[in-house]
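Asks: For reference, this is entry_13.csv, and it has CSV, C-alpha atoms.
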chain,number,residue,atom,x,y,z
A,14,MET,CA,-3.8,36.1,-2.0
A,15,ASN,CA,-2.9,32.8,-3.6
A,16,LEU,CA,-0.3,31.2,-1.4
A,17,HIS,CA,1.4,29.6,-4.4
A,18,GLN,CA,2.2,33.0,-6.0
A,19,LEU,CA,5.6,34.6,-5.7
A,20,ASP,CA,4.0,37.6,-3.9
A,21,SER,CA,3.3,35.4,-0.9
A,22,LEU,CA,7.0,35.2,-0.1
A,23,ASP,CA,8.2,37.3,2.8
A,24,VAL,CA,11.2,38.8,1.0
A,25,HIS,CA,12.2,42.2,-0.4
A,26,PRO,CA,10.0,43.3,-3.3
A,27,ASP,CA,13.1,43.7,-5.5
A,28,ALA,CA,13.8,40.0,-5.0
A,29,VAL,CA,10.3,39.1,-6.1
A,30,LYS,CA,10.7,41.4,-9.1
A,31,LYS,CA,14.0,39.6,-10.1
A,32,LEU,CA,12.3,36.3,-9.9
A,33,LYS,CA,9.5,37.4,-12.2
A,34,ASN,CA,11.9,38.9,-14.6
A,35,ALA,CA,13.7,35.6,-14.8
A,36,GLY,CA,10.5,34.0,-16.0
A,37,LEU,CA,9.5,32.4,-12.7
A,38,LYS,CA,5.7,32.8,-12.1
A,39,LYS,CA,4.8,30.6,-9.2
A,40,LEU,CA,6.5,29.0,-6.2
A,41,LYS,CA,6.5,25.6,-8.0
A,42,ASP,CA,8.8,27.2,-10.6
A,43,VAL,CA,11.2,28.2,-7.8
A,44,ALA,CA,11.1,24.6,-6.3
A,45,ALA,CA,11.8,23.1,-9.7
A,46,HIS,CA,15.2,24.9,-10.0
A,47,SER,CA,18.4,24.3,-8.2
A,48,SER,CA,20.1,27.0,-6.1
A,49,ALA,CA,22.8,27.5,-8.8
A,50,GLU,CA,20.2,27.8,-11.5
A,51,LEU,CA,18.2,30.4,-9.5
A,52,GLN,CA,21.4,32.4,-8.8
A,53,LYS,CA,22.3,32.4,-12.5
A,54,LYS,CA,18.8,33.5,-13.6
A,55,THR,CA,18.2,36.2,-10.9
A,56,ARG,CA,21.7,37.4,-9.8
A,57,LEU,CA,20.5,37.1,-6.2
A,58,ALA,CA,22.9,36.2,-3.4
A,59,ALA,CA,23.1,32.6,-2.2
A,60,SER,CA,21.6,33.5,1.2
A,61,GLN,CA,18.6,35.1,-0.5
A,62,ILE,CA,18.1,32.1,-2.7
A,63,GLU,CA,18.3,29.8,0.3
A,64,ASN,CA,15.7,31.9,2.1
A,65,ILE,CA,13.4,32.0,-0.9
A,66,GLN,CA,13.6,28.2,-1.5
A,67,GLY,CA,13.0,27.5,2.1
A,68,GLN,CA,9.9,29.5,2.2
A,69,ALA,CA,8.6,28.1,-1.1
A,70,CYS,CA,9.1,24.5,0.2
A,71,LYS,CA,7.3,25.2,3.4
A,72,ILE,CA,4.3,26.6,1.5
A,73,LEU,CA,4.2,23.9,-1.2
A,74,TYR,CA,5.0,20.9,1.1
A,75,PRO,CA,3.7,21.7,4.6
A,76,ILE,CA,4.0,18.1,5.7
A,77,ILE,CA,7.2,17.6,7.7
A,78,PRO,CA,9.2,14.6,6.2
A,79,SER,CA,9.7,11.7,8.5
A,80,THR,CA,12.2,8.8,8.6
A,81,ALA,CA,11.3,5.1,8.8
A,82,LEU,CA,12.2,5.2,12.5
A,83,ASP,CA,9.8,8.1,13.1
A,84,ARG,CA,7.0,6.2,11.4
A,85,LEU,CA,7.8,3.1,13.5
A,86,ASN,CA,7.7,5.1,16.8
A,87,LEU,CA,4.6,7.0,15.7
A,88,ALA,CA,1.5,5.9,17.6
A,89,THR,CA,-1.2,5.1,15.0
A,90,ASP,CA,-4.3,3.0,14.9
A,91,LYS,CA,-3.7,-0.6,14.0
A,92,ILE,CA,-5.9,-3.5,13.0
A,93,PRO,CA,-4.9,-6.5,15.2
A,94,THR,CA,-4.9,-10.0,13.8
A,95,GLY,CA,-5.7,-11.8,17.1
A,96,CYS,CA,-2.3,-13.5,17.0
A,97,ASP,CA,0.2,-11.9,19.4
A,98,SER,CA,3.2,-13.2,17.4
A,99,ILE,CA,2.1,-11.7,14.1
A,100,ASP,CA,1.0,-8.5,15.8
A,101,LYS,CA,4.4,-8.1,17.3
A,102,LEU,CA,6.1,-8.9,14.0
A,103,LEU,CA,4.0,-6.4,12.0
A,104,GLY,CA,3.4,-3.7,14.7
A,105,ASP,CA,-0.2,-4.9,15.2
A,106,SER,CA,-1.3,-4.6,11.5
A,107,LEU,CA,-2.0,-7.4,9.1
A,108,TYR,CA,-4.8,-8.3,6.7
A,109,ILE,CA,-5.3,-11.9,5.5
A,110,CYS,CA,-7.4,-13.4,2.8
A,111,THR,CA,-7.3,-16.8,1.2
A,112,GLU,CA,-7.0,-17.9,-2.4
A,113,ASP,CA,-10.0,-19.2,-4.6
A,114,VAL,CA,-13.7,-18.5,-4.0
A,115,PHE,CA,-14.4,-16.4,-1.0
A,116,PRO,CA,-14.7,-18.9,2.0
A,117,THR,CA,-18.0,-17.6,3.5
A,118,GLN,CA,-18.4,-20.7,5.7
A,119,ARG,CA,-14.9,-20.2,7.1
A,120,LEU,CA,-15.7,-16.5,7.9
A,121,LEU,CA,-19.0,-17.5,9.6
A,122,GLN,CA,-17.0,-20.1,11.7
A,123,MET,CA,-14.5,-17.4,12.9
A,124,GLU,CA,-17.4,-15.0,13.5
A,125,HIS,CA,-19.1,-17.5,15.8
A,126,ALA,CA,-15.8,-18.2,17.6
A,127,THR,CA,-15.3,-14.4,18.1
A,128,ARG,CA,-18.8,-13.9,19.5
A,129,LYS,CA,-18.2,-16.9,21.9
A,130,ARG,CA,-14.8,-15.5,23.0
A,131,HIS,CA,-16.1,-11.9,23.4
A,132,PRO,CA,-19.7,-12.0,24.7
A,133,HIS,CA,-20.0,-8.2,24.5
A,134,MET,CA,-19.8,-8.5,20.7
A,135,SER,CA,-22.5,-11.2,20.4
A,136,ARG,CA,-24.9,-8.9,18.6
A,137,HIS,CA,-22.2,-7.4,16.2
A,138,ARG,CA,-23.0,-8.2,12.6
A,139,PHE,CA,-19.5,-8.7,11.2
A,140,MET,CA,-20.8,-9.8,7.7
A,141,ASP,CA,-22.5,-6.4,7.2
A,142,HIS,CA,-19.0,-4.8,7.1
A,143,ILE,CA,-17.5,-7.1,4.5
A,144,PHE,CA,-18.0,-6.4,0.8
A,145,ILE,CA,-17.2,-9.2,-1.7
A,146,GLU,CA,-16.6,-8.8,-5.4
A,147,HIS,CA,-15.8,-11.7,-7.7
A,148,LEU,CA,-13.8,-10.9,-10.9
A,149,SER,CA,-12.6,-13.1,-13.6
A,150,ASP,CA,-10.1,-11.0,-15.6
A,151,LYS,CA,-7.8,-8.1,-15.5
A,152,ASP,CA,-10.1,-5.7,-17.4
A,153,GLN,CA,-12.9,-6.3,-14.9
A,154,LEU,CA,-10.5,-5.8,-12.1
A,155,LEU,CA,-9.1,-2.5,-13.4
A,156,ALA,CA,-12.6,-1.2,-14.2
A,157,THR,CA,-13.8,-2.1,-10.6
A,158,LEU,CA,-10.8,-0.3,-9.0
A,159,GLU,CA,-11.3,2.8,-11.1
A,160,ASN,CA,-15.1,3.1,-10.8
A,161,ARG,CA,-16.9,0.9,-8.3
A,162,VAL,CA,-14.3,0.9,-5.5
A,163,PRO,CA,-14.0,4.8,-5.2
A,164,ARG,CA,-17.8,5.0,-4.9
A,165,LEU,CA,-17.7,2.5,-2.0
A,166,LEU,CA,-14.8,4.3,-0.3
A,167,ASP,CA,-16.5,7.7,-0.6
A,168,GLY,CA,-18.8,6.4,2.2
A,169,GLY,CA,-15.9,6.6,4.6
A,170,GLN,CA,-16.5,3.3,6.3
A,171,THR,CA,-14.1,1.0,4.4
A,172,ASN,CA,-10.5,0.9,5.7
A,173,LEU,CA,-9.1,-2.2,4.0
A,174,ILE,CA,-8.9,-3.7,0.5
A,175,ILE,CA,-7.8,-7.3,0.0
A,176,LEU,CA,-7.0,-8.4,-3.5
A,177,ASP,CA,-6.8,-12.2,-3.6
A,178,SER,CA,-5.1,-12.8,-5.8
A,179,VAL,CA,-3.4,-10.3,-8.1
A,180,THR,CA,-1.8,-13.2,-9.9
A,181,ALA,CA,-5.0,-15.0,-10.9
A,182,VAL,CA,-6.1,-12.4,-13.5
A,183,PHE,CA,-2.8,-12.8,-15.4
A,184,ARG,CA,-2.7,-16.6,-15.2
A,185,GLY,CA,-2.5,-18.4,-18.6
A,186,GLN,CA,-1.0,-15.5,-20.5
A,187,ASP,CA,2.0,-16.1,-22.7
A,188,GLU,CA,4.6,-14.1,-20.8
A,189,CYS,CA,7.1,-13.9,-23.7
A,190,LEU,CA,4.6,-12.8,-26.4
A,191,ASN,CA,2.8,-10.3,-24.1
A,192,MET,CA,5.6,-9.0,-21.9
A,193,ILE,CA,5.3,-5.3,-22.7
A,194,SER,CA,1.5,-5.1,-22.6
A,195,ARG,CA,1.4,-7.4,-19.5
A,196,SER,CA,3.8,-5.2,-17.7
A,197,LYS,CA,1.7,-2.1,-18.5
A,198,GLU,CA,-1.4,-3.8,-17.2
A,199,ILE,CA,0.3,-4.9,-14.0
A,200,ALA,CA,1.6,-1.4,-13.5
A,201,SER,CA,-1.9,0.1,-14.1
A,202,ILE,CA,-3.4,-2.1,-11.4
A,203,GLY,CA,-0.6,-1.3,-9.0
A,204,LEU,CA,-0.7,2.4,-9.5
A,205,CYS,CA,-4.5,2.5,-9.2
A,206,LEU,CA,-4.2,0.7,-5.8
A,207,HIS,CA,-1.6,3.2,-4.7
A,208,ARG,CA,-3.9,6.1,-5.6
A,209,LEU,CA,-6.8,4.6,-3.6
A,210,ALA,CA,-4.5,4.0,-0.6
A,211,VAL,CA,-3.2,7.6,-0.6
A,212,ARG,CA,-6.5,9.3,-1.4
A,213,TYR,CA,-8.6,7.4,1.1
A,214,ARG,CA,-5.9,6.6,3.7
A,215,ILE,CA,-6.7,2.9,3.6
A,216,CYS,CA,-4.6,-0.3,3.7
A,217,VAL,CA,-4.3,-2.4,0.6
A,218,VAL,CA,-3.2,-6.1,0.8
A,219,CYS,CA,-2.5,-8.0,-2.4
A,220,ILE,CA,-2.1,-11.8,-2.3
A,221,ASN,CA,0.6,-12.9,-4.7
A,222,GLN,CA,1.8,-16.4,-5.6
A,223,VAL,CA,5.2,-17.9,-6.2
A,224,THR,CA,6.8,-19.7,-9.1
A,225,ALA,CA,9.8,-21.9,-9.5
A,226,ASP,CA,13.0,-20.2,-10.7
A,227,MET,CA,14.1,-22.6,-13.4
A,228,ARG,CA,17.2,-20.6,-14.1
A,229,LEU,CA,18.7,-21.9,-10.9
A,230,GLY,CA,18.0,-25.5,-11.8
A,231,SER,CA,16.0,-26.4,-8.8
A,232,LEU,CA,12.2,-26.7,-8.1
A,233,GLU,CA,12.9,-25.8,-4.5
A,234,THR,CA,13.9,-22.3,-5.4
A,235,TRP,CA,10.9,-20.0,-5.5
A,236,GLN,CA,10.4,-16.4,-6.5
A,237,PRO,CA,7.3,-14.1,-6.4
A,238,ALA,CA,5.1,-14.2,-9.4
A,239,LEU,CA,4.6,-11.2,-11.8
A,240,GLY,CA,8.3,-10.3,-11.8
A,241,LEU,CA,10.1,-7.0,-11.3
A,242,THR,CA,7.1,-5.0,-12.5
A,243,TRP,CA,5.0,-5.9,-9.5
A,244,SER,CA,8.0,-6.0,-7.1
A,245,ASN,CA,8.7,-2.4,-7.8
A,246,LEU,CA,5.1,-1.4,-7.0
A,247,ILE,CA,4.8,-2.7,-3.5
A,248,ASN,CA,6.0,-1.2,-0.2
A,249,THR,CA,6.1,-4.3,2.0
A,250,ARG,CA,6.5,-8.0,1.2
A,251,LEU,CA,5.5,-10.7,3.6
A,252,GLN,CA,6.1,-14.4,3.0
A,253,VAL,CA,3.9,-17.1,4.5
A,254,LYS,CA,4.9,-20.7,4.3
A,255,ARG,CA,5.0,-24.1,6.0
A,256,GLN,CA,7.5,-26.9,5.7
A,257,ASN,CA,5.1,-29.6,4.5
A,258,GLN,CA,1.4,-30.4,4.1
A,259,GLU,CA,1.3,-32.4,7.4
A,260,SER,CA,2.7,-29.6,9.5
A,261,LEU,CA,0.4,-27.3,11.4
A,262,LEU,CA,3.1,-24.8,12.0
A,263,ARG,CA,3.4,-21.9,9.6
A,264,THR,CA,6.0,-19.1,9.4
A,265,MET,CA,5.5,-15.5,8.4
A,266,SER,CA,8.6,-13.5,7.4
A,267,VAL,CA,9.3,-9.9,6.5
A,268,CYS,CA,11.1,-9.9,3.2
A,269,PHE,CA,11.3,-6.2,3.0
A,270,ALA,CA,9.5,-3.2,4.5
A,271,PRO,CA,10.3,0.5,5.0
A,272,HIS,CA,9.3,0.4,8.7
A,273,LEU,CA,10.1,-3.2,9.8
A,274,PRO,CA,13.3,-5.2,10.4
A,275,ALA,CA,13.8,-8.5,8.6
A,276,SER,CA,12.3,-11.0,11.0
A,277,SER,CA,9.9,-13.9,11.2
A,278,CYS,CA,7.5,-15.6,13.6
A,279,GLY,CA,5.6,-18.9,13.9
A,280,TYR,CA,1.8,-19.3,14.1
A,281,THR,CA,-1.0,-21.8,13.5
A,282,ILE,CA,-4.5,-21.6,12.0
A,283,THR,CA,-7.4,-22.7,14.2
A,284,HIS,CA,-11.1,-22.6,13.9
A,285,GLU,CA,-11.0,-19.1,15.6
A,286,GLY,CA,-8.4,-17.7,13.1
A,287,VAL,CA,-4.7,-17.3,13.6
A,288,ALA,CA,-3.0,-18.2,16.9
A,289,SER,CA,0.5,-17.6,18.3
A,290,VAL,CA,3.0,-20.5,18.8
A,291,LEU,CA,4.2,-20.3,22.4
Represent the structure from my file as structure tokens, please.
Replies:
Amino acid sequence: MNLHQLDSLDVHPDAVKKLKNAGLKKLKDVAAHSSAELQKKTRLAASQIENIQGQACKILYPIIPSTALDRLNLATDKIPTGCDSIDKLLGDSLYICTEDVFPTQRLLQMEHATRKRHPHMSRHRFMDHIFIEHLSDKDQLLATLENRVPRLLDGGQTNLIILDSVTAVFRGQDECLNMISRSKEIASIGLCLHRLAVRYRICVVCINQVTADMRLGSLETWQPALGLTWSNLINTRLQVKRQNQESLLRTMSVCFAPHLPASSCGYTITHEGVASVL
């Protein structure tokens, strides 16, 4: 028996008959109507409608909803950064990439430091687990996300995608003349990343940039690039900054997240990677 058919409901046959007579063919049709609408269409009692809708929802949506607090307390696998301060801030999960051409020499430097710090990993080939793709425009990016990336993820070994940066492929466009098409292109990329994250249960980190908000009349007032279109596509926003070019201290702040409080921490960047500020 198809579990999504009305006959799968554990109710009196007369109730099922009334549902069918009302033009409802599947459980999703029941879920798409309010209790009042179902009562009006079927003439069933409110208690019967409540029972039918409850059963339909359990069959259609077997995953029990959870709150942000439930997700925070849930024990899940995390990817540590190596920096205690950042791990504590983010619940032990963060993925960092830098702007411009991929810094292979920097990665090799951190790999060497990791092997030195952890002798038991001296034979581990870190570079064999990192795939790098250089793209120059938004069309290439979207084509890669829709075609090449899914083939890579089908192997089941990749757990993280870093897009550095999502801003670069839109740089140089005339925002006023291309506002509508630009918003559609940004949304297409964001929704594609969402589909990949959900389908393959992976983490996606997008590096964005900031721009001066000239409306406030000060170059010291910054806002994320790509506007509201991109802001409405992301789940978590982290801000990384330092006070001046001479300072070694950096600050990471949680701007918003469904599972983290607004907070911040300090850290530095060393030849080994990121390190906590004691």
Asks: Which residue gives the smallest distance to Gln66 of chain A among A:Ile282, A:Lys53, A:Leu22, A:Met192, with only C-alpha atoms counted?
Replies: A:Leu22
Asks: List the neighbours of segment 33-43 of chain A out to 7 Å using all atoms listed in the file; skip same-chain residues closer than 6 positions along the sequence, and give me the result as a ChimeraX atom specification.
Replies: /A:17-19,54-55,66,69
Asks: Fewer than 3 positions away in the same chain doesn't count, so skip those; otherwise give me all residues within 12 Å of Ala210 of chain A, counting only C-alpha atoms, as JSON, numbers by chain.
Replies: {"A": [158, 162, 163, 166, 171, 172, 173, 174, 175, 203, 204, 205, 206, 207, 213, 214, 215, 216, 217, 218, 247, 248]}
Asks: Which neighbours of Gln52 of chain A fall inside 8 Å, counting all atoms listed in the file, when residues of the same chain fewer than 6 positions from it are skipped, and could you give them as a list in words?
Replies: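 Close residues of Gln52 of chain A: Ala58, Ala59 and Ile62 of chain A.
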Asks: Determine the nearest neighbour of Phe139 of chain A from the options A:Glu124, A:Asp152, A:Glu198, A:Asp23, counting all atoms listed in the file.
Replies: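 Nearest to Phe139 of chain A: A:Glu124.
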Asks: For Gln252 of chain A, which residue out of A:Gln170, A:Asn64, A:Ser21, A:Asn221 is the nearest one, using all atoms listed in the file?
Replies: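 Looking at the shortest contact to Gln252 of chain A, the residue is A:Asn221.
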Asks: What does the distance from atom CA of Gln118 of chain A to atom CA of Asp177 of chain A come to in Å, to one decimal?
Replies: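 Result for atom CA of Gln118 of chain A versus atom CA of Asp177 of chain A: 17.1 Å, one decimal.
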Asks: Counting only C-alpha atoms, which residue out of A:Gln258, A:Ser178, A:Val253, A:Phe144 sits closest to Gly279 of chain A?
Replies: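 That would be A:Val253, the residue with the smallest distance to Gly279 of chain A.
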Asks: Which value, in Å to one decimal, gives the distance between atom CA of Thr283 of chain A and atom CA of Leu121 of chain A?
Replies: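 Going from atom CA of Thr283 of chain A over to atom CA of Leu121 of chain A covers 13.5 Å.
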Asks: How many Å separate atom CA of Arg212 of chain A from atom CA of Leu246 of chain A?
Replies: 16.7 Å
Asks: Which residue, A:His131, A:Lys151, A:Arg184, A:Arg250, has the smallest gap to Ser201 of chain A when you use all atoms listed in the file?
Replies: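 Distance minimum relative to Ser201 of chain A lands on A:Lys151.
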Asks: How about completing segment 116-147 of chain A with N, CA and C atoms and giving it to me as a PDB file, in the coordinates of the input?
Replies:
ATOM      1  N   PRO A 116     -14.281 -17.811   1.062  1.00  0.00           N
ATOM      2  CA  PRO A 116     -14.700 -18.900   2.000  1.00  0.00           C
ATOM      3  C   PRO A 116     -15.746 -18.337   3.004  1.00  0.00           C
ATOM      4  N   THR A 117     -16.980 -18.198   2.579  1.00  0.00           N
ATOM      5  CA  THR A 117     -18.000 -17.600   3.500  1.00  0.00           C
ATOM      6  C   THR A 117     -18.205 -18.486   4.703  1.00  0.00           C
ATOM      7  N   GLN A 118     -18.238 -19.820   4.554  1.00  0.00           N
ATOM      8  CA  GLN A 118     -18.400 -20.700   5.700  1.00  0.00           C
ATOM      9  C   GLN A 118     -17.316 -20.553   6.716  1.00  0.00           C
ATOM     10  N   ARG A 119     -16.100 -20.374   6.222  1.00  0.00           N
ATOM     11  CA  ARG A 119     -14.900 -20.200   7.100  1.00  0.00           C
ATOM     12  C   ARG A 119     -15.080 -18.879   7.885  1.00  0.00           C
ATOM     13  N   LEU A 120     -15.528 -17.831   7.200  1.00  0.00           N
ATOM     14  CA  LEU A 120     -15.700 -16.500   7.900  1.00  0.00           C
ATOM     15  C   LEU A 120     -16.808 -16.638   8.931  1.00  0.00           C
ATOM     16  N   LEU A 121     -17.884 -17.358   8.636  1.00  0.00           N
ATOM     17  CA  LEU A 121     -19.000 -17.500   9.600  1.00  0.00           C
ATOM     18  C   LEU A 121     -18.448 -18.323  10.824  1.00  0.00           C
ATOM     19  N   GLN A 122     -17.557 -19.279  10.582  1.00  0.00           N
ATOM     20  CA  GLN A 122     -17.000 -20.100  11.700  1.00  0.00           C
ATOM     21  C   GLN A 122     -16.172 -19.155  12.615  1.00  0.00           C
ATOM     22  N   MET A 123     -15.344 -18.270  12.038  1.00  0.00           N
ATOM     23  CA  MET A 123     -14.500 -17.400  12.900  1.00  0.00           C
ATOM     24  C   MET A 123     -15.423 -16.323  13.551  1.00  0.00           C
ATOM     25  N   GLU A 124     -16.500 -15.906  12.868  1.00  0.00           N
ATOM     26  CA  GLU A 124     -17.400 -15.000  13.500  1.00  0.00           C
ATOM     27  C   GLU A 124     -18.068 -15.574  14.731  1.00  0.00           C
ATOM     28  N   HIS A 125     -18.491 -16.825  14.617  1.00  0.00           N
ATOM     29  CA  HIS A 125     -19.100 -17.500  15.800  1.00  0.00           C
ATOM     30  C   HIS A 125     -18.111 -17.661  16.905  1.00  0.00           C
ATOM     31  N   ALA A 126     -16.843 -18.005  16.577  1.00  0.00           N
ATOM     32  CA  ALA A 126     -15.800 -18.200  17.600  1.00  0.00           C
ATOM     33  C   ALA A 126     -15.532 -16.831  18.300  1.00  0.00           C
ATOM     34  N   THR A 127     -15.527 -15.746  17.543  1.00  0.00           N
ATOM     35  CA  THR A 127     -15.300 -14.400  18.100  1.00  0.00           C
ATOM     36  C   THR A 127     -16.388 -14.008  19.057  1.00  0.00           C
ATOM     37  N   ARG A 128     -17.624 -14.262  18.669  1.00  0.00           N
ATOM     38  CA  ARG A 128     -18.800 -13.900  19.500  1.00  0.00           C
ATOM     39  C   ARG A 128     -18.717 -14.755  20.830  1.00  0.00           C
ATOM     40  N   LYS A 129     -18.293 -16.003  20.704  1.00  0.00           N
ATOM     41  CA  LYS A 129     -18.200 -16.900  21.900  1.00  0.00           C
ATOM     42  C   LYS A 129     -17.109 -16.413  22.819  1.00  0.00           C
ATOM     43  N   ARG A 130     -15.981 -15.963  22.234  1.00  0.00           N
ATOM     44  CA  ARG A 130     -14.800 -15.500  23.000  1.00  0.00           C
ATOM     45  C   ARG A 130     -15.077 -14.129  23.622  1.00  0.00           C
ATOM     46  N   HIS A 131     -15.855 -13.303  22.932  1.00  0.00           N
ATOM     47  CA  HIS A 131     -16.100 -11.900  23.400  1.00  0.00           C
ATOM     48  C   HIS A 131     -17.650 -11.736  23.460  1.00  0.00           C
ATOM     49  N   PRO A 132     -18.270 -12.107  24.577  1.00  0.00           N
ATOM     50  CA  PRO A 132     -19.700 -12.000  24.700  1.00  0.00           C
ATOM     51  C   PRO A 132     -20.299 -10.631  24.435  1.00  0.00           C
ATOM     52  N   HIS A 133     -19.518  -9.583  24.736  1.00  0.00           N
ATOM     53  CA  HIS A 133     -20.000  -8.200  24.500  1.00  0.00           C
ATOM     54  C   HIS A 133     -20.201  -7.893  23.045  1.00  0.00           C
ATOM     55  N   MET A 134     -19.661  -8.750  22.154  1.00  0.00           N
ATOM     56  CA  MET A 134     -19.800  -8.500  20.700  1.00  0.00           C
ATOM     57  C   MET A 134     -20.797  -9.513  20.101  1.00  0.00           C
ATOM     58  N   SER A 135     -21.604 -10.137  20.921  1.00  0.00           N
ATOM     59  CA  SER A 135     -22.500 -11.200  20.400  1.00  0.00           C
ATOM     60  C   SER A 135     -23.531 -10.679  19.431  1.00  0.00           C
ATOM     61  N   ARG A 136     -23.860  -9.408  19.484  1.00  0.00           N
ATOM     62  CA  ARG A 136     -24.900  -8.900  18.600  1.00  0.00           C
ATOM     63  C   ARG A 136     -24.239  -8.116  17.376  1.00  0.00           C
ATOM     64  N   HIS A 137     -22.916  -8.106  17.331  1.00  0.00           N
ATOM     65  CA  HIS A 137     -22.200  -7.400  16.200  1.00  0.00           C
ATOM     66  C   HIS A 137     -22.370  -8.196  14.939  1.00  0.00           C
ATOM     67  N   ARG A 138     -22.782  -7.547  13.869  1.00  0.00           N
ATOM     68  CA  ARG A 138     -23.000  -8.200  12.600  1.00  0.00           C
ATOM     69  C   ARG A 138     -21.732  -7.984  11.709  1.00  0.00           C
ATOM     70  N   PHE A 139     -20.766  -8.876  11.871  1.00  0.00           N
ATOM     71  CA  PHE A 139     -19.500  -8.700  11.200  1.00  0.00           C
ATOM     72  C   PHE A 139     -19.687  -8.769   9.646  1.00  0.00           C
ATOM     73  N   MET A 140     -20.567  -9.632   9.155  1.00  0.00           N
ATOM     74  CA  MET A 140     -20.800  -9.800   7.700  1.00  0.00           C
ATOM     75  C   MET A 140     -21.287  -8.538   7.047  1.00  0.00           C
ATOM     76  N   ASP A 141     -21.939  -7.667   7.818  1.00  0.00           N
ATOM     77  CA  ASP A 141     -22.500  -6.400   7.200  1.00  0.00           C
ATOM     78  C   ASP A 141     -21.365  -5.452   6.866  1.00  0.00           C
ATOM     79  N   HIS A 142     -20.138  -5.730   7.326  1.00  0.00           N
ATOM     80  CA  HIS A 142     -19.000  -4.800   7.100  1.00  0.00           C
ATOM     81  C   HIS A 142     -17.995  -5.371   6.111  1.00  0.00           C
ATOM     82  N   ILE A 143     -18.376  -6.434   5.425  1.00  0.00           N
ATOM     83  CA  ILE A 143     -17.500  -7.100   4.500  1.00  0.00           C
ATOM     84  C   ILE A 143     -18.144  -7.085   3.091  1.00  0.00           C
ATOM     85  N   PHE A 144     -17.504  -6.443   2.123  1.00  0.00           N
ATOM     86  CA  PHE A 144     -18.000  -6.400   0.800  1.00  0.00           C
ATOM     87  C   PHE A 144     -17.181  -7.321  -0.113  1.00  0.00           C
ATOM     88  N   ILE A 145     -17.861  -8.184  -0.862  1.00  0.00           N
ATOM     89  CA  ILE A 145     -17.200  -9.200  -1.700  1.00  0.00           C
ATOM     90  C   ILE A 145     -17.491  -8.984  -3.132  1.00  0.00           C
ATOM     91  N   GLU A 146     -16.441  -8.978  -3.936  1.00  0.00           N
ATOM     92  CA  GLU A 146     -16.600  -8.800  -5.400  1.00  0.00           C
ATOM     93  C   GLU A 146     -15.809  -9.908  -6.086  1.00  0.00           C
ATOM     94  N   HIS A 147     -16.482 -10.693  -6.950  1.00  0.00           N
ATOM     95  CA  HIS A 147     -15.800 -11.700  -7.700  1.00  0.00           C
ATOM     96  C   HIS A 147     -15.523 -11.249  -9.112  1.00  0.00           C
TER      97      HIS A 147
END
